[in-house]
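Data from entry-v4.txt: compact mmCIF, C-alpha atoms
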# COMPACT_ATOMS: atom_id res chain seq x y z
CA SER W 1 -38.37 20.47 32.06
CA ALA W 2 -41.54 20.60 30.01
CA ASN W 3 -41.03 24.36 29.49
CA ALA W 4 -37.49 23.87 28.27
CA TRP W 5 -38.73 21.14 25.96
CA ALA W 6 -41.44 23.38 24.54
CA GLY W 7 -38.93 26.19 24.05
CA GLY W 8 -36.71 24.01 21.88
CA ALA W 9 -39.48 22.81 19.58
CA GLY W 10 -38.24 24.84 16.65
CA ARG W 11 -34.69 23.52 16.91
CA ARG W 12 -35.92 19.93 17.16
CA ALA W 13 -38.18 20.34 14.15
CA GLU W 14 -35.26 21.75 12.17
CA ARG W 15 -33.01 18.87 13.21
CA SER W 16 -35.65 16.28 12.31
CA ALA W 17 -36.08 17.92 8.91
CA ARG W 18 -32.32 17.69 8.30
CA VAL W 19 -32.34 14.00 9.22
CA ARG W 20 -35.24 13.34 6.85
CA GLU W 21 -33.44 15.18 4.08
CA ALA W 22 -30.23 13.24 4.73
CA LEU W 23 -32.07 9.92 4.60
CA ALA W 24 -33.81 10.88 1.36
CA ALA W 25 -30.48 11.99 -0.13
CA ALA W 26 -28.82 8.73 0.87
CA VAL W 27 -31.57 6.75 -0.84
CA ALA W 28 -31.28 8.84 -4.00
CA GLU W 29 -27.47 8.72 -4.15
CA THR W 30 -27.25 4.96 -3.68
CA SER W 31 -30.31 3.92 -5.66
CA ASP W 32 -28.35 2.16 -8.42
CA LEU W 33 -26.13 0.22 -6.01
CA ASP W 34 -29.13 -0.52 -3.82
CA ALA W 35 -31.02 -1.97 -6.79
CA ILE W 36 -28.07 -4.25 -7.61
CA TRP W 37 -27.72 -5.37 -4.00
CA PHE W 38 -31.45 -5.94 -3.60
CA GLY W 39 -31.54 -7.93 -6.83
CA GLY W 40 -28.74 -10.12 -5.51
CA LEU W 41 -30.62 -10.78 -2.30
CA GLN W 42 -33.74 -11.63 -4.28
CA ALA W 43 -31.70 -14.10 -6.31
CA LEU W 44 -30.40 -15.74 -3.14
CA CYS W 45 -33.98 -16.14 -1.92
CA LYS W 46 -35.24 -17.50 -5.24
CA GLY W 47 -37.40 -20.56 -4.75
CA GLU W 48 -38.12 -19.65 -1.12
CA PRO W 49 -41.49 -18.37 0.12
CA PRO W 50 -41.71 -14.59 -0.53
CA VAL W 51 -41.74 -13.85 3.18
CA ARG W 52 -38.19 -15.24 3.45
CA LEU W 53 -36.85 -12.14 1.67
CA ALA W 54 -38.53 -9.91 4.26
CA GLU W 55 -37.06 -12.01 7.07
CA GLN W 56 -33.55 -11.62 5.63
CA LEU W 57 -33.99 -7.86 5.31
CA TYR W 58 -35.25 -7.66 8.89
CA ALA W 59 -32.29 -9.70 10.15
CA LEU W 60 -29.91 -7.31 8.40
CA SER W 61 -31.74 -4.32 9.88
CA SER W 62 -31.42 -5.83 13.37
CA ALA W 63 -27.67 -6.25 12.88
CA ALA W 64 -27.38 -2.65 11.71
CA GLN W 65 -29.38 -1.46 14.71
CA ALA W 66 -27.22 -3.47 17.13
CA HIS W 67 -24.15 -1.68 15.73
CA GLY W 68 -25.76 1.75 16.06
CA GLU W 69 -26.33 2.16 12.32
CA HIS W 70 -29.85 3.44 12.70
CA ALA W 71 -30.16 5.15 9.33
CA GLU W 72 -29.16 1.89 7.64
CA ALA W 73 -31.61 -0.01 9.85
CA LEU W 74 -34.44 2.28 8.74
CA LEU W 75 -33.56 1.87 5.07
CA LEU W 76 -33.57 -1.92 5.43
CA LEU W 77 -36.83 -1.91 7.35
CA GLY W 78 -38.28 0.32 4.65
CA ARG W 79 -37.47 -2.50 2.24
CA ALA W 80 -38.61 -5.32 4.52
CA MET W 81 -42.08 -4.19 5.55
CA PRO W 82 -43.61 -3.72 2.08
CA VAL W 83 -42.20 -7.12 1.05
CA PHE W 84 -43.67 -8.70 4.17
CA GLU W 85 -47.09 -7.14 3.67
CA SER W 86 -47.09 -8.04 -0.02
CA ALA W 87 -46.23 -11.64 0.82
CA HIS W 88 -49.29 -11.76 3.07
CA GLY W 89 -51.67 -9.93 0.78
CA GLY W 90 -51.23 -6.60 2.55
CA ALA W 91 -53.22 -7.75 5.59
CA ALA W 92 -50.51 -8.24 8.18
CA VAL W 93 -52.02 -5.86 10.71
CA ASP W 94 -55.67 -6.03 9.75
CA ALA W 95 -57.58 -6.74 12.97
CA SER W 96 -60.73 -7.47 10.98
CA MET W 97 -59.18 -10.82 10.00
CA ASP W 98 -59.35 -12.08 13.58
CA PRO W 99 -62.12 -14.73 13.75
CA SER W 100 -62.61 -14.13 17.47
CA ARG W 101 -64.00 -10.69 16.61
CA ASP W 102 -66.73 -12.08 14.33
CA ALA W 103 -69.96 -12.18 16.32
CA SER W 104 -71.84 -13.81 13.45
CA ARG W 105 -69.89 -17.08 13.36
CA ASP W 106 -72.15 -20.04 12.63
CA PRO W 107 -71.89 -22.74 15.36
CA SER W 108 -73.11 -25.39 12.92
CA ARG W 109 -69.96 -25.27 10.76
CA ASP W 110 -68.25 -28.62 10.26
CA ARG W 111 -64.92 -29.52 11.83
CA SER W 112 -62.90 -28.93 8.68
CA SER W 113 -64.19 -25.38 8.55
CA ASP W 114 -63.25 -24.88 12.21
CA ALA W 115 -59.75 -26.23 11.59
CA SER W 116 -59.33 -24.00 8.56
CA ARG W 117 -60.38 -20.94 10.52
CA ASP W 118 -58.09 -21.86 13.41
CA ALA W 119 -55.13 -22.24 11.05
CA SER W 120 -55.99 -18.92 9.42
CA SER W 121 -56.21 -17.27 12.82
CA ASP W 122 -52.78 -18.63 13.84
CA THR W 123 -51.25 -17.42 10.58
CA SER W 124 -52.84 -14.00 10.92
CA ARG W 125 -51.64 -13.70 14.51
CA ASN W 126 -48.07 -14.58 13.51
CA MET W 127 -48.21 -12.07 10.68
CA SER W 128 -49.46 -9.37 13.02
CA MET W 129 -46.83 -10.09 15.68
CA ASP W 130 -44.01 -10.11 13.11
CA MET W 131 -45.15 -6.76 11.76
CA ALA W 132 -45.40 -5.39 15.30
CA GLU W 133 -41.81 -6.44 15.96
CA MET W 134 -40.62 -4.65 12.82
CA LEU W 135 -42.58 -1.51 13.64
CA ASN W 136 -41.24 -1.50 17.19
CA SER W 137 -37.68 -1.81 15.87
CA GLN W 138 -38.36 0.96 13.38
CA GLY W 139 -39.56 3.21 16.18
CA GLU W 140 -36.43 2.49 18.23
CA SER W 141 -34.16 3.62 15.38
CA GLN W 142 -36.34 6.67 14.73
CA VAL W 143 -35.97 7.65 18.39
CA GLU W 144 -32.19 7.35 18.13
CA LEU W 145 -32.26 9.64 15.10
CA ARG W 146 -34.60 12.01 16.97
CA LEU W 147 -37.42 11.48 14.49
CA PHE W 148 -39.90 11.65 17.33
CA GLU W 149 -43.12 12.09 15.38
CA GLU W 150 -42.31 9.14 13.14
CA ALA W 151 -41.35 7.06 16.17
CA ARG W 152 -44.63 7.83 17.91
CA ASP W 153 -46.53 6.62 14.85
CA SER W 154 -44.42 3.44 14.60
CA PHE W 155 -45.01 2.54 18.25
CA ASP W 156 -48.75 3.24 17.97
CA ARG W 157 -48.98 0.98 14.92
CA ALA W 158 -46.91 -1.73 16.63
CA LEU W 159 -49.21 -1.68 19.65
CA ALA W 160 -52.29 -1.89 17.41
CA ALA W 161 -50.78 -4.89 15.62
CA VAL W 162 -50.17 -6.74 18.90
CA THR W 163 -53.51 -5.96 20.49
CA ALA W 164 -55.36 -7.02 17.33
CA TYR W 165 -54.67 -10.65 18.22
CA THR W 166 -53.66 -10.84 21.88
CA GLY W 167 -56.00 -8.43 23.62
CA GLY W 168 -52.74 -6.77 24.50
CA VAL W 169 -52.66 -6.11 28.19
CA HIS W 170 -51.02 -9.37 29.28
CA ASP W 171 -48.52 -9.84 26.46
CA ALA W 172 -44.79 -9.26 26.99
CA SER W 173 -44.59 -7.70 23.53
CA VAL W 174 -46.91 -4.95 24.76
CA ALA W 175 -44.49 -4.19 27.60
CA SER W 176 -41.64 -3.84 25.11
CA ILE W 177 -43.60 -1.28 23.09
CA GLN W 178 -44.81 0.54 26.21
CA ALA W 179 -41.24 0.91 27.48
CA ASN W 180 -40.21 2.43 24.16
CA GLN W 181 -43.20 4.76 24.28
CA ALA W 182 -42.24 5.74 27.83
CA ARG W 183 -38.69 6.53 26.72
CA LEU W 184 -40.10 8.64 23.91
CA LEU W 185 -42.27 10.52 26.41
CA SER W 186 -39.24 11.21 28.60
CA LEU W 187 -37.22 12.48 25.64
CA THR W 188 -40.06 14.79 24.62
CA GLY W 189 -40.42 16.34 28.07
CA ASP W 190 -43.37 14.46 29.59
CA THR W 191 -41.51 12.75 32.43
CA GLN W 192 -44.60 12.25 34.61
CA ALA W 193 -46.39 10.29 31.89
CA ALA W 194 -43.14 8.44 31.15
CA ALA W 195 -42.77 7.29 34.76
CA SER W 196 -46.36 6.02 34.82
CA LEU W 197 -45.98 4.14 31.54
CA PHE W 198 -42.65 2.63 32.57
CA ALA W 199 -44.35 1.30 35.72
CA THR W 200 -47.18 -0.14 33.62
CA ALA W 201 -44.72 -1.81 31.24
CA LEU W 202 -42.76 -3.35 34.09
CA ALA W 203 -45.91 -4.67 35.76
CA THR W 204 -47.07 -6.13 32.44
CA VAL W 205 -43.87 -8.04 31.74
CA ARG W 206 -43.48 -9.22 35.34
CA GLY W 207 -46.97 -10.67 35.06
CA CYS W 208 -45.80 -12.62 32.00
CA VAL W 209 -42.58 -14.07 33.43
CA GLY W 210 -43.83 -14.96 36.92
CA ASP W 211 -41.66 -15.00 40.03
CA ALA W 212 -38.73 -17.20 39.05
CA ALA W 213 -36.39 -17.01 36.08
CA PRO W 214 -36.16 -20.28 34.11
CA ALA W 215 -32.99 -22.32 33.84
CA PRO W 216 -31.56 -21.90 30.32
CA ALA W 217 -31.71 -25.63 29.50
CA ALA W 218 -35.28 -26.08 30.65
CA ALA W 219 -36.98 -22.89 29.54
CA ASP W 220 -39.06 -22.70 26.40
CA ALA W 221 -38.36 -20.00 23.83
CA ASP W 222 -41.32 -17.84 24.83
CA ARG W 223 -40.25 -17.81 28.46
CA ILE W 224 -36.70 -16.85 27.51
CA LEU W 225 -38.01 -14.08 25.26
CA SER W 226 -40.18 -12.76 28.08
CA HIS W 227 -37.12 -12.49 30.31
CA VAL W 228 -35.17 -10.74 27.54
CA ILE W 229 -38.03 -8.22 27.29
CA LEU W 230 -38.06 -7.87 31.10
CA ALA W 231 -34.36 -7.00 31.01
CA ARG W 232 -34.94 -4.44 28.25
CA VAL W 233 -37.80 -2.78 30.18
CA LEU W 234 -35.71 -2.73 33.35
CA LYS W 235 -32.74 -1.20 31.50
CA LEU W 236 -34.79 1.63 29.99
CA PHE W 237 -36.58 2.26 33.30
CA ALA W 238 -33.24 2.31 35.17
CA GLU W 239 -31.81 4.86 32.73
CA PHE W 240 -34.90 7.01 33.20
CA GLU W 241 -34.70 6.85 37.01
CA ALA W 242 -30.99 7.62 36.97
CA GLU W 243 -31.68 10.81 35.03
CA TYR W 244 -34.92 11.94 36.64
CA GLY W 245 -34.69 11.18 40.31
CA ASP W 246 -34.68 7.79 41.99
CA ALA W 247 -31.07 6.79 41.40
CA GLU W 248 -31.08 3.95 43.93
CA ALA W 249 -34.17 2.38 42.36
CA GLY W 250 -32.39 2.66 39.02
CA ARG W 251 -29.31 0.90 40.37
CA GLU W 252 -31.47 -1.89 41.75
CA LYS W 253 -33.05 -2.41 38.33
CA SER W 254 -29.60 -2.40 36.71
CA ARG W 255 -28.48 -5.14 39.11
CA GLU W 256 -31.52 -7.20 38.15
CA VAL W 257 -30.65 -6.78 34.47
CA ALA W 258 -27.10 -8.00 35.13
CA HIS W 259 -28.46 -11.01 37.02
CA LEU W 260 -30.81 -11.97 34.19
CA GLU W 261 -28.04 -11.59 31.60
CA ALA W 262 -25.65 -13.78 33.62
CA GLN W 263 -28.28 -16.43 34.32
CA LEU W 264 -29.69 -16.72 30.82
CA GLY W 265 -26.71 -15.73 28.70
CA PHE W 266 -27.79 -12.70 26.69
CA ASN W 267 -26.87 -9.02 26.38
CA THR W 268 -29.55 -6.36 26.69
CA GLN W 269 -29.62 -3.84 23.86
Using structure tokens, write down the structure from this file.
Amino acid sequence: SANAWAGGAGRRAERSARVREALAAAVAETSDLDAIWFGGLQALCKGEPPVRLAEQLYALSSAAQAHGEHAEALLLLGRAMPVFESAHGGAAVDASMDPSRDASRDPSRDRSSDASRDASSDTSRNMSMDMAEMLNSQGESQVELRLFEEARDSFDRALAAVTAYTGGVHDASVASIQANQARLLSLTGDTQAAASLFATALATVRGCVGDAAPAPAAADADRILSHVILARVLKLFAEFEAEYGDAEAGREKSREVAHLEAQLGFNTQ
């Protein structure tokens, strides 16, 4: 209950502090080995665009997360995100770069200028979405380690990065972040708000995928990804319903997850 949650605030704060201290100690104790390892990875990426190093670090963090090594995932993400932002001039999530938000654009610009701006907008959008994905993953690992305040900040920043370029409300990536935020709300005692946000997330992603799942051979990558996100939202929502009331609705969502996994050939994390 919310009262029980409030009553345990001191214990949770103490636990979070211990986790932070353990992470800081791990960084300090392995700093020499970490520097050697990181130097080796930099050498492997020599000659590649700088962003390639960040992509490799993010891939390693995703593997660590998939194996439940959330502290390791956070350490790798802590390496990846500054590299990524540096590679893009530190502007990966700067909404002010979006040309569509500039009311003073001159309609008399020549076509080359338009093409240049369009290319810049596409690059900025990709940068923003990549950073949102990393922040969302960071928040997921922080939740698993019960670093709830940090997770809340990560999810808020991820949502801001997505909405900077998509408008947000109709993007499947938004549903992924919303489902994580809803899970965080449930874990911090606000189950009513969690239920509402889970419903919003599910409606958002269903609006993206449409009525019918695509055949694996025919579907484009974005459509497949939307169905992967749908399965993830359904899984988290089902777990919430199983714990907080509507068990049959939860089982129905779990069956839908199993159907999507069998049809499209993936496993929902």
(Q) Is it possible to get the residues within 7 Å of (-39.9, 7.2, 14.8) (coordinates as in the file, counting only C-alpha atoms) written as a PyMOL selection string? (A) chain W and resi 138-143+147-154
Q: Considering all atoms listed in the file, state which residue in the set W:Ile229, W:Leu236, W:Ala158, W:Met127 is at the smallest distance from Leu187 in chain W.
A: W:Leu236
Q) Using only C-alpha atoms, what residues lie at most 12 Å away from (-42.9, -10.1, 35.9) (file coordinates), given as number ranges by chain? A) W: 170-172, 175, 199-213, 223, 226-231, 233-234, 256
Could those selected residues go to a file with C-alpha atoms, as an mmCIF file, in the coordinates of the input?
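File written: result.cif
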data_model
loop_
_atom_site.group_PDB
_atom_site.id
_atom_site.type_symbol
_atom_site.label_atom_id
_atom_site.label_comp_id
_atom_site.auth_asym_id
_atom_site.auth_seq_id
_atom_site.Cartn_x
_atom_site.Cartn_y
_atom_site.Cartn_z
ATOM 1 C CA HIS W 170 -51.020 -9.370 29.280
ATOM 2 C CA ASP W 171 -48.520 -9.840 26.460
ATOM 3 C CA ALA W 172 -44.790 -9.260 26.990
ATOM 4 C CA ALA W 175 -44.490 -4.190 27.600
ATOM 5 C CA ALA W 199 -44.350 1.300 35.720
ATOM 6 C CA THR W 200 -47.180 -0.140 33.620
ATOM 7 C CA ALA W 201 -44.720 -1.810 31.240
ATOM 8 C CA LEU W 202 -42.760 -3.350 34.090
ATOM 9 C CA ALA W 203 -45.910 -4.670 35.760
ATOM 10 C CA THR W 204 -47.070 -6.130 32.440
ATOM 11 C CA VAL W 205 -43.870 -8.040 31.740
ATOM 12 C CA ARG W 206 -43.480 -9.220 35.340
ATOM 13 C CA GLY W 207 -46.970 -10.670 35.060
ATOM 14 C CA CYS W 208 -45.800 -12.620 32.000
ATOM 15 C CA VAL W 209 -42.580 -14.070 33.430
ATOM 16 C CA GLY W 210 -43.830 -14.960 36.920
ATOM 17 C CA ASP W 211 -41.660 -15.000 40.030
ATOM 18 C CA ALA W 212 -38.730 -17.200 39.050
ATOM 19 C CA ALA W 213 -36.390 -17.010 36.080
ATOM 20 C CA ARG W 223 -40.250 -17.810 28.460
ATOM 21 C CA SER W 226 -40.180 -12.760 28.080
ATOM 22 C CA HIS W 227 -37.120 -12.490 30.310
ATOM 23 C CA VAL W 228 -35.170 -10.740 27.540
ATOM 24 C CA ILE W 229 -38.030 -8.220 27.290
ATOM 25 C CA LEU W 230 -38.060 -7.870 31.100
ATOM 26 C CA ALA W 231 -34.360 -7.000 31.010
ATOM 27 C CA VAL W 233 -37.800 -2.780 30.180
ATOM 28 C CA LEU W 234 -35.710 -2.730 33.350
ATOM 29 C CA GLU W 256 -31.520 -7.200 38.150
#
What box, with edges along x, y and z, holds each listed atom of range 230-235 of chain W when 5 Å is added on every side, and can you state its centre and edge lengths in Å to one decimal, as lines of an AutoDock Vina configuration file?
center_x = -35.4
center_y = -4.5
center_z = 30.8
size_x = 15.3
size_y = 16.7
size_z = 15.1
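If you measure from each of W:Arg11, W:His67, W:Arg52, W:Arg18 to Met81 in chain W using all atoms listed in the file, the closest one turns out to be W:Arg52.
Closest approach to Glu69 in chain W among W:Ile224, W:Leu145, W:Val51, W:Leu44 is made by W:Leu145 (distances from only C-alpha atoms).
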(Q) Can you tell me which residues surround Leu75 in chain W at a distance of at most 10 Å, considering all atoms listed in the file, apart from same-chain residues fewer than 3 positions away, and format the answer as a ChimeraX atom specification? (A) /W:23-24,26-27,57,61,70-72,78-80,138
Q) Looking at W:Phe155, W:Phe237, W:Phe198, W:Phe38, which one is nearest to Ala54 in chain W, with distances taken over all atoms listed in the file? A)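 Ranked by minimum distance to Ala54 in chain W, first place goes to W:Phe38.
What separates CA of Phe266 in chain W from CA of Leu225 in chain W is a distance of 10.4 Å.
The nearest approach to Ala238 in chain W among the residues W:Pro50, W:Gly265, W:Gly39, W:Gly250, with all atoms listed in the file taken into account, belongs to W:Gly250.
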**Q.** Å distance separating CA of Leu76 in chain W from CA of Ala25 in chain W, one decimal place
**A.** 15.3 Å
Since the input is missing atoms for range 131-147 of chain W, could you rebuild it with N, CA and C atoms and give the result as a PDB file, in the coordinates of the input?
ATOM      1  N   MET W 131     -45.094  -8.155  12.171  1.00  0.00           N
ATOM      2  CA  MET W 131     -45.150  -6.760  11.760  1.00  0.00           C
ATOM      3  C   MET W 131     -44.975  -5.837  12.963  1.00  0.00           C
ATOM      4  N   ALA W 132     -45.567  -6.195  14.090  1.00  0.00           N
ATOM      5  CA  ALA W 132     -45.400  -5.390  15.300  1.00  0.00           C
ATOM      6  C   ALA W 132     -43.941  -5.307  15.705  1.00  0.00           C
ATOM      7  N   GLU W 133     -43.227  -6.420  15.600  1.00  0.00           N
ATOM      8  CA  GLU W 133     -41.810  -6.440  15.960  1.00  0.00           C
ATOM      9  C   GLU W 133     -41.016  -5.504  15.044  1.00  0.00           C
ATOM     10  N   MET W 134     -41.318  -5.532  13.750  1.00  0.00           N
ATOM     11  CA  MET W 134     -40.620  -4.650  12.820  1.00  0.00           C
ATOM     12  C   MET W 134     -40.933  -3.185  13.085  1.00  0.00           C
ATOM     13  N   LEU W 135     -42.196  -2.892  13.350  1.00  0.00           N
ATOM     14  CA  LEU W 135     -42.580  -1.510  13.640  1.00  0.00           C
ATOM     15  C   LEU W 135     -41.946  -1.008  14.933  1.00  0.00           C
ATOM     16  N   ASN W 136     -41.872  -1.871  15.926  1.00  0.00           N
ATOM     17  CA  ASN W 136     -41.240  -1.500  17.190  1.00  0.00           C
ATOM     18  C   ASN W 136     -39.755  -1.202  16.970  1.00  0.00           C
ATOM     19  N   SER W 137     -39.084  -2.044  16.186  1.00  0.00           N
ATOM     20  CA  SER W 137     -37.680  -1.810  15.870  1.00  0.00           C
ATOM     21  C   SER W 137     -37.504  -0.509  15.076  1.00  0.00           C
ATOM     22  N   GLN W 138     -38.414  -0.278  14.149  1.00  0.00           N
ATOM     23  CA  GLN W 138     -38.360   0.960  13.380  1.00  0.00           C
ATOM     24  C   GLN W 138     -38.471   2.174  14.290  1.00  0.00           C
ATOM     25  N   GLY W 139     -39.403   2.112  15.242  1.00  0.00           N
ATOM     26  CA  GLY W 139     -39.560   3.210  16.180  1.00  0.00           C
ATOM     27  C   GLY W 139     -38.317   3.442  17.021  1.00  0.00           C
ATOM     28  N   GLU W 140     -37.647   2.356  17.432  1.00  0.00           N
ATOM     29  CA  GLU W 140     -36.430   2.490  18.230  1.00  0.00           C
ATOM     30  C   GLU W 140     -35.350   3.255  17.458  1.00  0.00           C
ATOM     31  N   SER W 141     -35.168   2.909  16.186  1.00  0.00           N
ATOM     32  CA  SER W 141     -34.160   3.620  15.380  1.00  0.00           C
ATOM     33  C   SER W 141     -34.574   5.056  15.120  1.00  0.00           C
ATOM     34  N   GLN W 142     -35.867   5.288  14.927  1.00  0.00           N
ATOM     35  CA  GLN W 142     -36.340   6.670  14.730  1.00  0.00           C
ATOM     36  C   GLN W 142     -36.096   7.503  15.977  1.00  0.00           C
ATOM     37  N   VAL W 143     -36.273   6.924  17.152  1.00  0.00           N
ATOM     38  CA  VAL W 143     -35.970   7.650  18.390  1.00  0.00           C
ATOM     39  C   VAL W 143     -34.490   8.021  18.429  1.00  0.00           C
ATOM     40  N   GLU W 144     -33.626   7.072  18.095  1.00  0.00           N
ATOM     41  CA  GLU W 144     -32.190   7.350  18.130  1.00  0.00           C
ATOM     42  C   GLU W 144     -31.798   8.463  17.174  1.00  0.00           C
ATOM     43  N   LEU W 145     -32.518   8.575  16.073  1.00  0.00           N
ATOM     44  CA  LEU W 145     -32.260   9.640  15.100  1.00  0.00           C
ATOM     45  C   LEU W 145     -33.051  10.908  15.405  1.00  0.00           C
ATOM     46  N   ARG W 146     -33.784  10.882  16.522  1.00  0.00           N
ATOM     47  CA  ARG W 146     -34.600  12.010  16.970  1.00  0.00           C
ATOM     48  C   ARG W 146     -35.719  12.348  15.990  1.00  0.00           C
ATOM     49  N   LEU W 147     -36.224  11.321  15.332  1.00  0.00           N
ATOM     50  CA  LEU W 147     -37.420  11.480  14.490  1.00  0.00           C
ATOM     51  C   LEU W 147     -38.624  11.108  15.353  1.00  0.00           C
TER      52      LEU W 147
END
